[in-house]
Amino acid sequence: MAFATLLHKNQQRIAIRHDDAWVLLPVAMGDMVALIEGGAPALAQAREYATAAQAERVPASDAHLLAPITRYRRDVLCTGWNYWDHFEEGKGKRDGQDVPKPTAPTFFTKGPDTVLGPYDDIAYDATVSAKWDYEAEMVVVIGKTGRSIPVERAMEHVWGYCLANDISQRDLQRRHGGQWLKGKSLDASMPLGPWLVPADEIDPARVHLECVVNGTVLQSASTAQMAFSIPELIAELSFGMTLRAGDVLLTGTPSGVGNAREPQIFLHEGDDVVVRGSGLGELRNRLVKANLRGESGVKIDAPVQA
């Protein structure tokens with residue numbers, strides 16, 4: 001089964017997939033974060049409701065899916081360099097900001113305003129960045145609050161999984177000292193979803209990820225290739241730091257990103273980008289011109305004219 005957030009009659013509703021329809025869960029169950037916080041009892045109640053005769057159903061073909069999680073209490077948590085082939089492909093292409101091979105996971109965050117729905121348009125503004133890159137990733141959704149979680153108990157804290165496209169602006173990433181917050185936090189630039197799959201219904205170490213741009217496969221890898229496993233990521237990230245139910249953690253992207261290619265491939269207005277993961281569905285998004293610059297006087301190197 002899968003869980004989604006739908007826009008239904010101008011209201012956000014959470015729903016569970018049953019056959020070829022989405023079954024709307026009772027409004028009293030709250031949003032997706034509330035469902036997650038409810039733990040095993042809430043999940044069992046939702047699964048039981050999927051076959052209830054009185055439940056309202058929306059045909060899958062008519063459903064307007066939003067990002068599965070729309071309420072955030074902190075930044076989106078992210079992992080960098082979690083596939084060694086991706087780390088290696090970037091050597092010498094980081095504009096003098098190369099670092100030694102990490103011995104522990106590399107973490108960073110993205111602003112929550114980056115998040116958009118699985119089929120929404122990505123806001124594209126060539127005047128704020130000339131180097132828009134794609135990154136297919138599997139996402140872990142935390143289901144149980146904890147701090148300094150032992151690696152052997154880490155999976156007890158996972159509610160489920162989905163997909164993300166960690167769209168990155170490489171020039172902004174380099175401009176700001178090599179740290180990644182700014183180069184990965186433009187508004188409406190990270191598709192998330194299309195739904196959440198509960199942890200007991202998928203093997204997260206056997207998901208095949210792909211990123212397809214304008215019909216061409218540019219990334220293709222298995223999550224079995226991750227440098228640091230999900231239990232290791234959770235243990236390291238929670239070390240002295242509380243992870244809360246509903247937190248979203250991106251687990252890194254494999255090789256094939258545009259910045260590391262010869263010649264480089266960057267995204268442009270009108271490009272169609274698909275991120276898919278076996279058992280997790282797919283994201284389908286188009287880059288559409290938007291005004292992210294506004295009245296700002298900030299100038300980037302060699303700005304591209306819109």
# chains A, B, ... in the order shown; residues from 1 in each chain; ligands from 1
$ residues_around --residues "A:Ser61" --least-positions-apart "2" --cutoff "10 Å" --atoms "only C-alpha atoms" --output "PyMOL selection string"
chain A and resi 20-22+58-59+63-64
$ residues_around --residues "stretch 139-143 of chain A" --least-positions-apart "5" --cutoff "8 Å" --atoms "only C-alpha atoms" --output "NGL selection string"
:A and (36-37 or 39 or 157-164 or 243-251)
$ atom_distance --atom1 "atom CA of A:Ser222" --atom2 "atom CA of A:Ser238"
24.9 Å
$ atom_distance --atom1 "atom CA of A:Pro194" --atom2 "atom CA of A:Phe87"
27.3 Å
$ atom_distance --atom1 "atom CA of A:Pro191" --atom2 "atom CA of A:Val128"
19.2 Å
